[in-house]
$ cat structure-v2.txt   # compact mmCIF, C-alpha atoms
# COMPACT_ATOMS: atom_id res chain seq x y z
CA MET F 975 -47.04 -57.58 26.47
CA ALA F 976 -46.99 -56.53 30.13
CA ALA F 977 -50.50 -55.03 29.91
CA TYR F 978 -52.03 -58.49 29.37
CA LEU F 979 -50.21 -60.22 32.25
CA SER F 980 -52.08 -60.97 35.44
CA LEU F 981 -50.39 -60.25 38.75
CA ALA F 982 -50.23 -63.98 39.42
CA GLU F 983 -48.51 -64.67 36.09
CA SER F 984 -46.09 -61.78 36.65
CA GLN F 985 -45.25 -63.10 40.11
CA ARG F 986 -44.76 -66.61 38.71
CA ARG F 987 -42.32 -65.38 36.05
CA ILE F 988 -40.24 -63.33 38.48
CA ALA F 989 -40.16 -66.11 41.07
CA GLY F 990 -39.15 -68.60 38.36
CA TYR F 991 -36.31 -66.32 37.28
CA LEU F 992 -35.04 -65.93 40.84
CA HIS F 993 -35.12 -69.69 41.48
CA ARG F 994 -33.28 -70.40 38.22
CA PHE F 995 -30.61 -67.89 39.22
CA VAL F 996 -30.09 -69.37 42.68
CA ASP F 997 -30.26 -72.96 41.43
CA ALA F 998 -27.61 -72.24 38.75
CA ILE F 999 -25.24 -71.01 41.46
CA ALA F 1000 -26.04 -73.99 43.69
CA ARG F 1001 -25.32 -76.40 40.81
CA GLN F 1002 -22.32 -74.35 39.64
CA ASP F 1003 -23.94 -74.17 36.20
CA GLY F 1004 -22.31 -71.25 34.41
CA ALA F 1005 -24.04 -71.94 31.09
CA THR F 1006 -27.49 -71.53 32.69
CA LEU F 1007 -26.42 -68.50 34.71
CA ARG F 1008 -25.01 -66.57 31.75
CA PRO F 1009 -28.29 -65.68 29.95
CA LEU F 1010 -29.87 -64.70 33.27
CA LEU F 1011 -27.38 -61.82 33.38
CA ALA F 1012 -27.86 -60.69 29.76
CA VAL F 1013 -29.93 -57.55 30.25
CA SER F 1014 -29.27 -55.99 26.83
CA SER F 1015 -27.46 -58.56 24.69
CA GLY F 1016 -30.19 -61.20 24.49
CA ALA F 1017 -33.96 -61.60 24.34
CA SER F 1018 -34.27 -64.23 27.07
CA LEU F 1019 -35.11 -61.65 29.76
CA LEU F 1020 -37.96 -59.97 27.86
CA PRO F 1021 -40.67 -62.02 29.68
CA ILE F 1022 -39.11 -61.00 33.01
CA SER F 1023 -38.98 -57.32 32.05
CA ASP F 1024 -42.68 -57.47 31.11
CA ALA F 1025 -43.47 -59.10 34.44
CA LEU F 1026 -41.48 -56.51 36.39
CA ALA F 1027 -43.44 -53.73 34.70
CA ASN F 1028 -46.66 -55.33 35.93
CA PHE F 1029 -45.55 -56.38 39.42
CA PRO F 1030 -44.32 -53.45 41.57
CA ASP F 1031 -43.27 -55.49 44.63
CA SER F 1032 -40.53 -57.69 43.12
CA SER F 1033 -38.14 -56.92 45.99
CA ARG F 1034 -40.45 -58.85 48.35
CA LEU F 1035 -39.95 -61.98 46.25
CA VAL F 1036 -36.20 -61.63 46.76
CA THR F 1037 -36.25 -61.12 50.52
CA GLN F 1038 -39.01 -63.54 51.56
CA SER F 1039 -36.86 -66.63 50.92
CA ASP F 1040 -33.54 -67.14 52.75
CA GLN F 1041 -32.22 -69.15 49.80
CA ILE F 1042 -32.77 -66.19 47.45
CA ALA F 1043 -32.16 -63.42 49.98
CA GLN F 1044 -28.52 -64.46 50.40
CA PHE F 1045 -27.96 -63.06 46.88
CA ALA F 1046 -30.11 -59.96 47.39
CA GLU F 1047 -27.17 -57.61 46.77
CA ILE F 1048 -26.93 -59.07 43.29
CA LEU F 1049 -30.59 -59.67 42.50
CA LEU F 1050 -32.23 -56.45 43.70
CA PRO F 1051 -30.11 -54.09 41.54
CA LEU F 1052 -30.19 -56.65 38.71
CA LEU F 1053 -34.01 -56.56 38.64
CA ARG F 1054 -33.90 -52.74 38.71
CA SER F 1055 -31.49 -52.80 35.79
CA ILE F 1056 -33.75 -55.10 33.77
CA GLN F 1057 -36.71 -52.82 34.42
CA SER F 1058 -34.80 -49.61 33.65
CA HIS F 1059 -33.51 -51.09 30.40
CA ARG F 1060 -37.05 -51.96 29.38
CA LEU F 1061 -38.05 -48.34 30.04
CA ARG F 1062 -35.05 -47.22 27.95
CA CYS F 1063 -33.54 -45.46 30.95
CA PHE F 1064 -30.10 -46.72 30.02
CA ALA F 1065 -27.97 -44.63 32.39
CA GLU F 1066 -30.04 -45.91 35.33
CA ALA F 1067 -29.87 -49.44 33.93
CA TYR F 1068 -26.07 -49.19 33.86
CA SER F 1069 -25.79 -47.84 37.41
CA SER F 1070 -27.99 -50.62 38.80
CA TYR F 1071 -26.18 -53.27 36.78
CA GLU F 1072 -22.78 -52.10 38.03
CA LYS F 1073 -24.00 -52.54 41.62
CA ALA F 1074 -25.17 -56.07 40.82
CA ALA F 1075 -21.91 -56.80 39.00
CA ASN F 1076 -19.77 -55.64 41.92
CA ALA F 1077 -21.73 -57.89 44.27
CA PHE F 1078 -21.39 -60.83 41.88
CA LEU F 1079 -17.65 -60.22 41.55
CA GLN F 1080 -17.31 -60.37 45.32
CA GLU F 1081 -19.00 -63.80 45.33
CA PHE F 1082 -16.87 -64.93 42.39
CA ARG F 1083 -13.67 -64.10 44.27
CA ASN F 1084 -14.73 -66.55 46.98
CA TRP F 1085 -15.39 -69.44 44.58
CA GLU F 1086 -12.32 -71.61 44.17
CA THR F 1087 -13.03 -72.92 40.68
CA PRO F 1088 -13.74 -70.96 37.46
CA TRP F 1089 -17.16 -72.57 36.94
CA ALA F 1090 -18.82 -69.12 36.68
CA MET F 1091 -16.47 -67.80 33.98
CA GLU F 1092 -19.23 -67.69 31.38
CA ALA F 1093 -21.29 -65.54 33.76
CA VAL F 1094 -18.34 -63.23 34.41
CA HIS F 1095 -17.84 -62.82 30.66
CA ALA F 1096 -21.57 -62.08 30.28
CA ILE F 1097 -21.23 -59.36 32.92
CA ALA F 1098 -18.19 -57.89 31.17
CA LEU F 1099 -20.09 -57.68 27.89
CA GLU F 1100 -23.21 -56.24 29.52
CA ILE F 1101 -21.24 -53.62 31.43
CA ARG F 1102 -19.75 -52.35 28.17
CA LEU F 1103 -22.99 -52.44 26.16
CA LEU F 1104 -25.06 -50.78 28.88
CA ALA F 1105 -22.36 -48.14 29.38
CA GLU F 1106 -22.39 -47.31 25.66
CA LYS F 1107 -26.18 -46.98 25.69
CA GLY F 1108 -26.07 -44.94 28.88
CA ASP F 1109 -23.49 -42.53 27.46
CA ARG F 1110 -25.52 -42.02 24.29
CA GLU F 1111 -28.55 -41.23 26.45
CA LEU F 1112 -26.60 -38.78 28.62
CA ALA F 1113 -25.07 -37.05 25.60
CA SER F 1114 -28.51 -36.69 23.99
CA VAL F 1115 -29.73 -34.59 26.92
CA GLY F 1116 -26.57 -32.50 27.19
CA LYS F 1117 -25.02 -34.36 30.12
CA SER F 1118 -21.43 -35.57 30.33
CA PRO F 1119 -21.09 -39.21 29.20
CA GLU F 1120 -19.30 -41.03 32.02
CA LYS F 1121 -20.57 -44.59 32.06
CA LEU F 1122 -18.07 -46.11 29.65
CA GLN F 1123 -15.17 -44.76 31.68
CA ALA F 1124 -16.76 -46.27 34.80
CA ALA F 1125 -17.16 -49.57 32.95
CA GLY F 1126 -13.43 -49.56 32.20
CA SER F 1127 -12.65 -49.09 35.90
CA PHE F 1128 -14.96 -51.95 36.84
CA LEU F 1129 -13.43 -54.30 34.23
CA MET F 1130 -9.97 -53.56 35.60
CA LYS F 1131 -11.24 -54.94 38.92
CA VAL F 1132 -12.49 -58.03 37.09
CA PHE F 1133 -9.11 -58.38 35.39
CA GLY F 1134 -7.44 -58.20 38.79
CA ALA F 1135 -9.68 -60.98 40.06
CA LEU F 1136 -8.59 -63.21 37.16
CA ALA F 1137 -4.90 -62.34 37.09
CA GLY F 1138 -3.83 -64.71 39.86
CA LYS F 1139 -2.02 -68.00 39.44
CA GLY F 1140 -5.14 -70.15 39.70
CA PRO F 1141 -7.35 -71.63 36.96
CA LYS F 1142 -9.43 -68.44 36.70
CA ARG F 1143 -6.65 -66.74 34.72
CA VAL F 1144 -7.83 -68.40 31.51
CA GLY F 1145 -10.71 -65.89 31.42
CA ALA F 1146 -8.47 -62.82 31.61
CA LEU F 1147 -7.96 -62.36 27.85
CA TYR F 1148 -11.70 -61.95 27.21
CA ILE F 1149 -11.81 -59.17 29.81
CA THR F 1150 -8.74 -57.61 28.21
CA CYS F 1151 -10.50 -57.51 24.84
CA GLN F 1152 -13.55 -55.82 26.39
CA LEU F 1153 -11.21 -53.25 27.92
CA PHE F 1154 -9.61 -52.67 24.51
CA LYS F 1155 -13.03 -52.00 22.99
CA ILE F 1156 -13.74 -49.44 25.69
CA TYR F 1157 -10.36 -47.72 25.42
CA PHE F 1158 -10.57 -47.52 21.63
CA LYS F 1159 -14.11 -46.12 21.89
CA LEU F 1160 -13.01 -43.48 24.41
CA GLY F 1161 -9.81 -42.64 22.52
CA THR F 1162 -7.69 -43.60 25.54
CA VAL F 1163 -5.67 -46.34 23.88
CA HIS F 1164 -2.63 -45.53 26.04
CA LEU F 1165 -4.48 -47.29 28.86
CA CYS F 1166 -4.07 -50.56 26.97
CA ARG F 1167 -0.36 -50.68 27.82
CA SER F 1168 -0.65 -51.81 31.43
CA VAL F 1169 -3.00 -54.65 30.50
CA ILE F 1170 -0.77 -55.70 27.58
CA ARG F 1171 2.23 -55.78 29.90
CA SER F 1172 0.34 -58.07 32.26
CA ILE F 1173 -0.63 -60.44 29.46
CA GLU F 1174 2.66 -60.49 27.56
CA THR F 1175 5.28 -60.24 30.30
CA ALA F 1176 3.70 -61.69 33.45
CA ARG F 1177 4.76 -65.27 34.08
CA ILE F 1178 1.30 -66.22 35.32
CA PHE F 1179 -0.09 -66.21 31.76
CA ASP F 1180 0.60 -68.64 28.93
CA PHE F 1181 -0.85 -67.03 25.82
CA GLU F 1182 -1.49 -70.34 24.11
CA GLU F 1183 -3.79 -71.53 26.92
CA PHE F 1184 -6.33 -68.82 26.17
CA PRO F 1185 -9.36 -69.60 23.96
CA LEU F 1186 -8.68 -69.10 20.23
CA LYS F 1187 -11.47 -66.54 19.79
CA ASP F 1188 -10.01 -64.35 22.52
CA LYS F 1189 -6.49 -64.66 21.08
CA VAL F 1190 -7.73 -63.52 17.65
CA THR F 1191 -9.51 -60.49 19.15
CA TYR F 1192 -6.45 -59.64 21.26
CA MET F 1193 -4.12 -59.80 18.25
CA TYR F 1194 -6.52 -57.65 16.22
CA TYR F 1195 -6.54 -54.85 18.79
CA THR F 1196 -2.84 -55.01 19.62
CA GLY F 1197 -2.16 -55.05 15.88
CA ARG F 1198 -4.18 -51.85 15.53
CA LEU F 1199 -2.15 -50.32 18.35
CA GLU F 1200 1.04 -51.16 16.47
CA VAL F 1201 -0.40 -49.44 13.38
CA PHE F 1202 -0.99 -46.26 15.39
CA ASN F 1203 2.58 -46.49 16.68
CA GLU F 1204 3.85 -47.08 13.11
CA SER F 1205 5.45 -50.35 14.24
CA PHE F 1206 4.53 -52.02 10.98
CA LEU F 1207 6.52 -55.24 11.33
CA ALA F 1208 4.84 -55.95 14.68
CA ALA F 1209 1.46 -54.88 13.27
CA ASP F 1210 1.93 -57.22 10.31
CA GLN F 1211 2.73 -60.14 12.61
CA LYS F 1212 -0.25 -59.58 14.90
CA LEU F 1213 -2.87 -58.79 12.26
CA THR F 1214 -1.69 -61.71 10.12
CA TYR F 1215 -2.06 -63.96 13.18
CA ALA F 1216 -5.62 -62.73 13.64
CA LEU F 1217 -6.48 -63.15 9.95
CA ALA F 1218 -5.03 -66.66 9.67
CA ARG F 1219 -7.02 -67.88 12.67
CA SER F 1220 -10.33 -66.17 11.93
CA ASP F 1221 -13.28 -68.03 10.49
CA PRO F 1222 -12.96 -67.42 6.71
CA LEU F 1223 -16.75 -67.59 6.42
CA ASN F 1224 -17.13 -64.63 8.78
CA MET F 1225 -16.75 -61.96 6.12
CA SER F 1226 -17.33 -59.10 8.54
CA ASN F 1227 -14.45 -60.09 10.84
CA MET F 1228 -12.13 -60.82 7.92
CA ARG F 1229 -12.89 -57.42 6.43
CA MET F 1230 -12.34 -55.71 9.78
CA ILE F 1231 -8.84 -57.20 10.07
CA LEU F 1232 -7.93 -56.54 6.43
CA LYS F 1233 -8.96 -52.91 6.77
CA TYR F 1234 -5.83 -52.45 8.90
CA LEU F 1235 -3.64 -55.21 7.50
CA ILE F 1236 -3.75 -53.84 3.93
CA PRO F 1237 -2.25 -50.42 4.85
CA VAL F 1238 0.42 -52.27 6.86
CA LYS F 1239 1.27 -54.49 3.89
CA LEU F 1240 1.40 -51.46 1.59
CA SER F 1241 3.82 -49.75 3.98
CA LEU F 1242 6.04 -52.84 3.76
CA GLY F 1243 5.93 -52.81 -0.03
CA ILE F 1244 3.52 -55.74 -0.39
CA LEU F 1245 0.58 -55.10 -2.73
CA PRO F 1246 -2.61 -57.18 -2.31
CA LYS F 1247 -4.42 -58.59 -5.32
CA MET F 1248 -7.48 -56.82 -6.69
CA SER F 1249 -9.52 -60.00 -6.16
CA LEU F 1250 -8.97 -59.63 -2.40
CA LEU F 1251 -10.28 -56.07 -2.44
CA LYS F 1252 -13.37 -57.12 -4.37
CA LYS F 1253 -14.07 -60.15 -2.18
CA TYR F 1254 -14.07 -58.16 1.04
CA SER F 1255 -15.51 -54.87 -0.34
CA LEU F 1256 -12.33 -52.90 0.29
CA MET F 1257 -12.23 -51.09 -3.04
CA GLU F 1258 -11.29 -47.82 -1.31
CA TYR F 1259 -7.71 -49.12 -1.53
CA LYS F 1260 -7.86 -49.75 -5.30
CA ASP F 1261 -6.46 -46.39 -6.44
CA VAL F 1262 -3.92 -46.33 -3.59
CA ILE F 1263 -2.50 -49.61 -4.88
CA GLU F 1264 -2.63 -48.43 -8.49
CA ALA F 1265 -0.71 -45.29 -7.51
CA LEU F 1266 1.97 -47.41 -5.86
CA LYS F 1267 2.28 -49.52 -9.00
CA THR F 1268 2.49 -46.62 -11.44
CA GLY F 1269 4.18 -43.87 -9.44
CA ASP F 1270 1.15 -41.62 -9.88
CA VAL F 1271 1.31 -39.21 -6.96
CA ARG F 1272 -1.79 -37.37 -8.17
CA LEU F 1273 -3.82 -40.60 -8.08
CA LEU F 1274 -2.71 -41.33 -4.50
CA ARG F 1275 -3.68 -37.86 -3.34
CA GLN F 1276 -7.03 -38.10 -5.09
CA ALA F 1277 -7.71 -41.50 -3.50
CA LEU F 1278 -6.93 -40.07 -0.05
CA GLN F 1279 -9.20 -37.12 -0.71
CA ASP F 1280 -12.07 -39.28 -2.01
CA HIS F 1281 -11.98 -41.61 1.00
CA GLU F 1282 -10.64 -39.16 3.59
CA GLU F 1283 -13.48 -39.54 6.08
CA GLN F 1284 -13.38 -43.33 5.86
CA PHE F 1285 -9.60 -43.52 6.31
CA LEU F 1286 -9.64 -40.99 9.16
CA ARG F 1287 -12.36 -42.93 10.95
CA SER F 1288 -10.31 -46.12 10.66
CA GLY F 1289 -7.16 -44.35 11.83
CA VAL F 1290 -5.11 -45.29 8.74
CA TYR F 1291 -5.12 -41.96 6.89
CA LEU F 1292 -1.65 -40.88 8.08
CA VAL F 1293 -0.24 -44.32 7.27
CA LEU F 1294 -1.56 -44.11 3.71
CA GLU F 1295 -0.45 -40.49 3.35
CA LYS F 1296 3.13 -41.49 4.08
CA LEU F 1297 3.04 -43.94 1.17
CA GLU F 1298 3.91 -40.95 -1.04
CA LEU F 1299 7.59 -41.80 -0.56
CA ILE F 1300 7.09 -45.21 -2.17
CA VAL F 1301 5.12 -43.58 -4.99
CA TYR F 1302 8.00 -41.12 -5.52
CA GLN F 1303 10.40 -44.05 -5.74
CA ARG F 1304 8.23 -45.70 -8.38
CA LEU F 1305 8.08 -42.46 -10.41
CA VAL F 1306 11.86 -42.00 -10.34
CA LYS F 1307 12.27 -45.65 -11.31
CA LYS F 1308 10.03 -45.13 -14.36
CA ILE F 1309 12.20 -42.18 -15.40
CA TYR F 1310 15.27 -44.39 -14.96
CA ILE F 1311 13.77 -47.17 -17.12
CA ILE F 1312 12.86 -44.74 -19.93
CA GLN F 1313 16.31 -43.11 -19.79
CA LYS F 1314 18.01 -46.51 -19.81
CA GLN F 1315 16.22 -47.38 -23.06
CA LYS F 1316 17.35 -44.12 -24.68
CA ASP F 1317 20.91 -43.89 -23.34
CA PRO F 1318 22.04 -46.94 -21.30
CA ASP F 1319 25.43 -45.41 -20.46
CA LYS F 1320 23.89 -42.44 -18.67
CA ALA F 1321 20.83 -44.17 -17.23
CA HIS F 1322 22.20 -43.93 -13.69
CA GLN F 1323 22.42 -40.12 -13.91
CA ILE F 1324 18.97 -38.55 -13.61
CA LYS F 1325 18.75 -34.78 -13.85
CA LEU F 1326 16.58 -33.14 -11.22
CA ASP F 1327 14.93 -31.21 -14.04
CA LEU F 1328 13.54 -34.48 -15.44
CA ILE F 1329 12.02 -35.42 -12.10
CA ILE F 1330 10.38 -32.00 -11.70
CA LYS F 1331 8.99 -32.23 -15.26
CA ALA F 1332 7.49 -35.65 -14.42
CA PHE F 1333 5.72 -34.16 -11.41
CA LYS F 1334 4.44 -31.25 -13.50
CA TRP F 1335 3.17 -33.71 -16.11
CA LEU F 1336 1.11 -35.24 -13.29
CA GLY F 1337 -0.27 -31.80 -12.52
CA ILE F 1338 1.88 -31.22 -9.42
CA ASP F 1339 3.80 -27.94 -9.29
CA MET F 1340 7.24 -28.31 -7.75
CA ASP F 1341 10.30 -26.07 -7.54
CA VAL F 1342 13.95 -27.12 -7.50
CA ASP F 1343 14.24 -27.06 -3.70
CA GLU F 1344 11.19 -29.30 -3.28
CA GLY F 1345 12.47 -31.73 -5.91
CA GLU F 1346 15.88 -31.87 -4.28
CA CYS F 1347 14.28 -32.50 -0.89
CA ILE F 1348 12.28 -35.45 -2.26
CA VAL F 1349 15.33 -37.06 -3.90
CA THR F 1350 17.40 -36.59 -0.73
CA MET F 1351 14.64 -38.15 1.37
CA LEU F 1352 14.41 -41.17 -0.97
CA ILE F 1353 18.15 -41.72 -0.62
CA TYR F 1354 17.97 -41.29 3.17
CA LYS F 1355 15.14 -43.80 3.44
CA ASN F 1356 17.11 -46.28 1.29
CA LEU F 1357 14.43 -46.25 -1.39
CA ILE F 1358 17.11 -45.14 -3.79
CA LYS F 1359 20.79 -46.18 -3.65
CA GLY F 1360 23.08 -43.39 -4.75
CA TYR F 1361 23.78 -39.75 -3.99
CA PHE F 1362 22.64 -36.32 -5.05
CA ALA F 1363 25.17 -34.00 -6.72
CA HIS F 1364 24.06 -30.57 -5.54
CA LYS F 1365 26.15 -28.47 -7.93
CA SER F 1366 25.01 -30.24 -11.08
CA LYS F 1367 21.53 -31.03 -9.72
CA VAL F 1368 21.83 -34.67 -10.70
CA CYS F 1369 20.76 -37.80 -8.87
CA VAL F 1370 23.54 -40.33 -9.36
CA LEU F 1371 22.19 -43.85 -8.93
CA SER F 1372 24.14 -46.89 -7.89
CA LYS F 1373 24.83 -49.22 -10.82
CA ASN F 1374 24.04 -52.14 -8.51
CA ASP F 1375 20.37 -52.41 -7.47
CA PRO F 1376 19.56 -48.68 -7.51
CA PHE F 1377 15.97 -49.26 -6.34
CA PRO F 1378 16.08 -51.69 -3.39
CA LYS F 1379 12.95 -53.66 -2.68
CA LEU F 1380 11.37 -53.03 0.68
CA SER F 1381 11.41 -56.76 1.44
CA GLY F 1382 9.02 -56.29 4.32
CA LYS F 1383 10.94 -53.40 5.88
CA PRO F 1384 8.99 -50.21 6.65
CA VAL F 1385 10.21 -46.90 5.22
CA MET F 1386 8.48 -44.48 7.60
CA ALA F 1387 10.77 -44.80 10.60
CA SER F 1388 13.31 -42.04 10.97

$ encode --input "structure-v2.txt" --output "structure tokens"
Amino acid sequence: MAAYLSLAESQRRIAGYLHRFVDAIARQDGATLRPLLAVSSGASLLPISDALANFPDSSRLVTQSDQIAQFAEILLPLLRSIQSHRLRCFAEAYSSYEKAANAFLQEFRNWETPWAMEAVHAIALEIRLLAEKGDRELASVGKSPEKLQAAGSFLMKVFGALAGKGPKRVGALYITCQLFKIYFKLGTVHLCRSVIRSIETARIFDFEEFPLKDKVTYMYYTGRLEVFNESFLAADQKLTYALARSDPLNMSNMRMILKYLIPVKLSLGILPKMSLLKKYSLMEYKDVIEALKTGDVRLLRQALQDHEEQFLRSGVYLVLEKLELIVYQRLVKKIYIIQKQKDPDKAHQIKLDLIIKAFKWLGIDMDVDEGECIVTMLIYKNLIKGYFAHKSKVCVLSKNDPFPKLSGKPVMAS
């Protein structure tokens, strides 16, 4: 603890830290430099934070040596950030760190090779983490949380520094993923579009040259964006990409991806096995899947009610709610199968009265107009092939494949 450190030991620790920082830059050693910038995401700076608490004149150690003083614009605010973080003054820690990060970025722009990419990525992570802590602190005392928004603006500058035609561009996808995390946290996902356009349409980037870990994270977030936009085929492609390339032993990441991929698959008419739900603790989807299998609208609604908060938090509630159409199709199909067993010649003619009775049997009150609306919608969405005879109130099914399979095609789009 800082209370047991002598001034000499405190000075030795701080001086050692400063020399390691400068030496790492001189040797172009990004791996050594990275942990020296990790104010909140690692424990390696704890001895330095203790020393700073016990040695009030750390700025003198920065300015007394020309070798170290040349990086004073980075090191002075960085030391303040380390000290503020130790004191749990997170908003101040963020502000100081952003000053250090801006100064570092200016140096990085002047370096021709990407040797410091690990350090830049460390800064990107720290900026986000410190901003999140700072905003929580500000909100707790009734002030407006503003640090995370500022972090997003800073990371856009970092992205700009990496988006050239040189070798530094390989680090751009990691910065993009940090931006996604910020935008999703702030609820400003529309800001993702400009970055996505740069990655996916700019000729300076080759997606396959990016590190696999960054590609997986990118596909996860862009897949989630496609879910919000109800572009389920694109969401399926991107989330499946992320799942197939994730470490299968990392249960947390696999579960995170499946939490969005399962609703997408359900929307495309593909039902996951129960063993998958059990393996990844996703049993909140159990009754949703059972409702789709059996045509039990009441069960679907109950499942949505039971897990409403969870589904809303994930952003998939509306997607799951719209699965009612597929459940309706399954219910009408069950009526068709029963009728076909009783009277095969008239199986393709289903009276609206029968459909309304089926809903009432499930405990759902429905009048003729509502029943007619549902049947018409099923025909319009191509979940049923046939037509509705309004005068006789009969749904006349096609004798050829009256209940088309989704075959991976979404039904929600108008």

$ atom_distance --input "structure-v2.txt" --atom1 "CA of Lys1307 (chain F)" --atom2 "CA of Tyr1259 (chain F)"
22.5 Å

$ atom_distance --input "structure-v2.txt" --atom1 "CA of Asp1188 (chain F)" --atom2 "CA of Met1228 (chain F)"
15.2 Å

$ residues_around --input "structure-v2.txt" --residues "region 1357-1369 of chain F" --least-positions-apart "3" --cutoff "10 Å" --atoms "only C-alpha atoms" --output "PyMOL selection string"
chain F and resi 1299-1300+1302-1304+1306-1307+1322-1329+1342+1345-1346+1349-1354+1372-1380+1385

$ closest_residue --input "structure-v2.txt" --among "F:Ile1173, F:Leu1103, F:Leu1035, F:Leu1160" --to "Gln1123 (chain F)" --atoms "all atoms listed in the file"
F:Leu1160

$ atom_distance --input "structure-v2.txt" --atom1 "CA of Val1132 (chain F)" --atom2 "CA of Phe1154 (chain F)"
14.0 Å

$ closest_residue --input "structure-v2.txt" --among "F:Pro1318, F:Pro1237, F:Pro1141, F:Gly1197" --to "Lys1260 (chain F)" --atoms "only C-alpha atoms"
F:Pro1237

$ residues_around --input "structure-v2.txt" --residues "Ile999 (chain F)" --least-positions-apart "6" --cutoff "12 Å" --atoms "all atoms listed in the file" --output "compact mmCIF listing (two decimals) with C-alpha atoms, in the coordinates of the input"
# COMPACT_ATOMS: atom_id res chain seq x y z
CA LEU F 992 -35.04 -65.93 40.84
CA HIS F 993 -35.12 -69.69 41.48
CA ALA F 1005 -24.04 -71.94 31.09
CA THR F 1006 -27.49 -71.53 32.69
CA LEU F 1007 -26.42 -68.50 34.71
CA ARG F 1008 -25.01 -66.57 31.75
CA LEU F 1010 -29.87 -64.70 33.27
CA GLN F 1041 -32.22 -69.15 49.80
CA ILE F 1042 -32.77 -66.19 47.45
CA GLN F 1044 -28.52 -64.46 50.40
CA PHE F 1045 -27.96 -63.06 46.88
CA PHE F 1078 -21.39 -60.83 41.88
CA GLU F 1081 -19.00 -63.80 45.33
CA PHE F 1082 -16.87 -64.93 42.39
CA TRP F 1085 -15.39 -69.44 44.58
CA TRP F 1089 -17.16 -72.57 36.94
CA ALA F 1090 -18.82 -69.12 36.68
CA MET F 1091 -16.47 -67.80 33.98
CA ALA F 1093 -21.29 -65.54 33.76

$ closest_residue --input "structure-v2.txt" --among "F:Ala1000, F:Leu1199, F:Leu1099, F:Leu1104" --to "Ser1070 (chain F)" --atoms "all atoms listed in the file"
F:Leu1104

$ residues_around --input "structure-v2.txt" --residues "Phe1064 (chain F)" --least-positions-apart "2" --cutoff "9 Å" --atoms "all atoms listed in the file" --output "PDB file with C-alpha atoms, keeping the file's coordinate frame"
ATOM      1  CA  SER F1055     -31.490 -52.800  35.790  1.00  0.00           C
ATOM      2  CA  SER F1058     -34.800 -49.610  33.650  1.00  0.00           C
ATOM      3  CA  HIS F1059     -33.510 -51.090  30.400  1.00  0.00           C
ATOM      4  CA  ARG F1060     -37.050 -51.960  29.380  1.00  0.00           C
ATOM      5  CA  LEU F1061     -38.050 -48.340  30.040  1.00  0.00           C
ATOM      6  CA  ARG F1062     -35.050 -47.220  27.950  1.00  0.00           C
ATOM      7  CA  GLU F1066     -30.040 -45.910  35.330  1.00  0.00           C
ATOM      8  CA  ALA F1067     -29.870 -49.440  33.930  1.00  0.00           C
ATOM      9  CA  TYR F1068     -26.070 -49.190  33.860  1.00  0.00           C
ATOM     10  CA  SER F1069     -25.790 -47.840  37.410  1.00  0.00           C
ATOM     11  CA  LEU F1104     -25.060 -50.780  28.880  1.00  0.00           C
ATOM     12  CA  ALA F1105     -22.360 -48.140  29.380  1.00  0.00           C
ATOM     13  CA  GLU F1106     -22.390 -47.310  25.660  1.00  0.00           C
ATOM     14  CA  LYS F1107     -26.180 -46.980  25.690  1.00  0.00           C
ATOM     15  CA  GLY F1108     -26.070 -44.940  28.880  1.00  0.00           C
ATOM     16  CA  ASP F1109     -23.490 -42.530  27.460  1.00  0.00           C
ATOM     17  CA  ARG F1110     -25.520 -42.020  24.290  1.00  0.00           C
ATOM     18  CA  GLU F1111     -28.550 -41.230  26.450  1.00  0.00           C
ATOM     19  CA  LEU F1112     -26.600 -38.780  28.620  1.00  0.00           C
TER      20      LEU F1112
END

$ closest_residue --input "structure-v2.txt" --among "F:Gly1243, F:Ser1032, F:Glu1295, F:Leu1371" --to "Glu1282 (chain F)" --atoms "all atoms listed in the file"
F:Glu1295

$ residues_around --input "structure-v2.txt" --residues "Gly1269 (chain F)" --least-positions-apart "3" --cutoff "12 Å" --atoms "only C-alpha atoms" --output "number ranges by chain"
F: 1261-1266, 1272-1275, 1297-1309, 1329, 1332-1333, 1336

$ residues_around --input "structure-v2.txt" --residues "Val1238 (chain F)" --least-positions-apart "4" --cutoff "12 Å" --atoms "all atoms listed in the file" --output "PyMOL selection string"
chain F and resi 1197-1214+1231-1234+1242-1246+1290-1294+1296-1297+1382-1386

$ axis_aligned_box --input "structure-v2.txt" --around "region 1308-1315 of chain F" --padding-each-side "8 Å" --output "lines of an AutoDock Vina configuration file"
center_x = 14.0
center_y = -44.8
center_z = -18.7
size_x = 24.0
size_y = 21.2
size_z = 24.7

$ closest_residue --input "structure-v2.txt" --among "F:Thr1037, F:Ser1127, F:Ser1168, F:Gln1002" --to "Pro1088 (chain F)" --atoms "only C-alpha atoms"
F:Gln1002

$ closest_residue --input "structure-v2.txt" --among "F:Gly1134, F:Gly1116, F:Pro1021, F:Pro1185" --to "Ser984 (chain F)" --atoms "all atoms listed in the file"
F:Pro1021
